[in-house]
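Engineer: One structure follows; several queries about it will come next.
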Amino acid sequence: MYDICTIGHITLDKVVTTQSVNFMPGGTSFYFSKAIQKFDVDYRLITALAAAELPIVEQLQKEGIEITTLPSEHTVFFENIYSQNQDHREQNVLYKADPFTKEVALLPNIDAQIYHLGPLLSDDISVELLKALAKKGMVSLDIQGFLRFVKNQKVHYTDWVDKDEALAHVSILKANEYEMEVITGQKEIRAGALYLAEMGVKEVIITLGSKGSVIYTEGNFYEIPAFKPKQVVDATGCGDTYMAGYLLKKIKGGNPQEAGEFGAAMATIKIQSSGPFSGDLQQVEHILNSTSHEKIFPWEELASPVSQS
């Protein structure tokens with residue numbers, strides 16, 4: 001029995017910032033796996049990519065990550081273009097990989113307490129697979145991929161047509177504020193979180209980039225500050241790093257406030273350098289306990305502040 005099992009494609013990424021152009025592996029499954037690998041957790045990754053990219057998997061295995069690799073005709077190829085404001089990006093998709101179907105739930109040796117799903121595009125993970133996994137453990141979902149469709153290689157956002165059927169089987173859902181608005185039709189954070197909870201989600205996490213995050217669960221809102229980084233280098237994978245920290249702390253018994261702040265501290269370390277998270281527990285604890293990192297609280301930054309319940 002694993003603590004956490006992630007299911008999602010590893011991508012080939014071209015990351016364009018105002019400072020550099022870099023080519024690297026990416027995707028939720030990659031950034032999440034790299035972030036969690038140095039911590040004490042029983043973890044497995046299930047991914048799918050073309051044979052030409054198998055060296056990426058082999059390198060992750062050398063680093064101690066247990067991986068089940070499924071064949072795919074292509075590997076997902078993303079181009080992420082960031083302006084000076086790294087809360088926002090333009091995305092292009094040149095190739096798509098084969099989807100994960102219900103049969104993945106029948107694979108041997110993938111039993112886990114939490115299944116973290118990281119779809120990158122709307123047809124990456126079937127609803128049947130999501131429902132099958134919910135019968136085996138808790139489902140954690142980064143919703144971004146289910147809202148993305150590709151037209152002329154450009155990524156566009158649209159509502160998730162299967163949300164009524166699927167969200168009742170999701171225990172933990174993470175969305176940024178724009179994704180929340182797309183799926184709920186709500187601009188205000190509290191209203192969006194309540195909407196998702198009413199759909200059946202037990203823990204709703206709304207990330208607000210440099211403004212922190214908000215968690216809603218069991219009738220309570222938790223205000224999670226962002227820790228201001230010393231420098232902003234590369235925001236790619238920050239949401240995945242946040243979720244790695246959140247689920248890691250949750251598995252260890254942390255409450256939503258503790259889990260959210262742990263994830264936020266990991267995201268701060270990640271954004272200060274290019275590529276995936278490369279920190280450790282000591283660095284995370286330093287940020288959590290330091291007075292030198294300014295805390296930015298969501299309610300102070302939002303246009304319409306709301307009080308905690």
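Each chain in the structure tokens gets a letter, A, B and so on, in the order shown; residues start at 1 in every chain, and ligands are counted from 1 in the order they appear.
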In segment 85-161 of chain A, what's strand (DSSP E) per DSSP? Answer as an MDAnalysis selection string?
Structural biologist: chainID A and resid 89:95 112:117 138:142 148:151 154:157
Engineer: Set out as JSON lines a contact list for segment 103-174 of chain A and segment 73-86 of chain A with a cut-off of 10 Å, giving each residue of segment 103-174 of chain A that qualifies its closest atom pair and distance in Å to one decimal, counting only C-alpha atoms, ordered by chain and rising residue number.
Structural biologist:
{"residue": "A:Leu120", "atom": "CA", "partner": "A:Val76", "partner_atom": "CA", "distance": 8.8}
{"residue": "A:Leu121", "atom": "CA", "partner": "A:Val76", "partner_atom": "CA", "distance": 9.5}
{"residue": "A:Gln153", "atom": "CA", "partner": "A:Phe78", "partner_atom": "CA", "distance": 9.4}
{"residue": "A:Lys154", "atom": "CA", "partner": "A:Glu79", "partner_atom": "CA", "distance": 9.6}
{"residue": "A:Val155", "atom": "CA", "partner": "A:Phe78", "partner_atom": "CA", "distance": 9.6}
Engineer: Please list as a ChimeraX atom specification every residue within 9 Å of segment 207-218 of chain A, counting only C-alpha atoms and excluding residues in the same chain fewer than 6 positions away.
Structural biologist: /A:86-87,174-178,189-190,193-194,197,201,224-228,238-239,256-257,260,264,295-302
Engineer: Do you have the atom CA of Glu53 of chain A-atom CA of His156 of chain A distance handy?
Structural biologist: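 According to the coordinates, atom CA of Glu53 of chain A and atom CA of His156 of chain A are separated by 26.4 Å.
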Engineer: Near Asp124 of chain A, within 9 Å and counting only C-alpha atoms, which residues show up once chain neighbours fewer than 4 positions away are dropped, as a list in words?
Structural biologist: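 Result of the neighbour search: Gly8, His9, Lys96, Ala97, Asp98, Pro99, Phe100, Thr101, Gly118, Pro119, Leu120, Gly145 and Phe146 of chain A.
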Engineer: Now that the selection is made, can you save its residues with C-alpha atoms as a compact mmCIF listing (two decimals), in the first residue's frame?
Structural biologist:
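Wrote selection-v3.txt, looks like this:
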# COMPACT_ATOMS: atom_id res chain seq x y z
CA GLY A 8 -0.40 11.65 -15.30
CA HIS A 9 1.71 12.21 -18.40
CA LYS A 96 -0.74 14.66 -27.32
CA ALA A 97 -0.20 11.29 -25.60
CA ASP A 98 -2.54 8.29 -25.33
CA PRO A 99 -5.15 8.64 -22.54
CA PHE A 100 -5.34 6.73 -19.26
CA THR A 101 -8.39 4.44 -19.23
CA GLY A 118 -2.76 15.25 -12.98
CA PRO A 119 -4.53 15.49 -16.35
CA LEU A 120 -2.90 17.97 -18.71
CA GLY A 145 -6.28 19.51 -17.54
CA PHE A 146 -10.00 18.76 -17.59
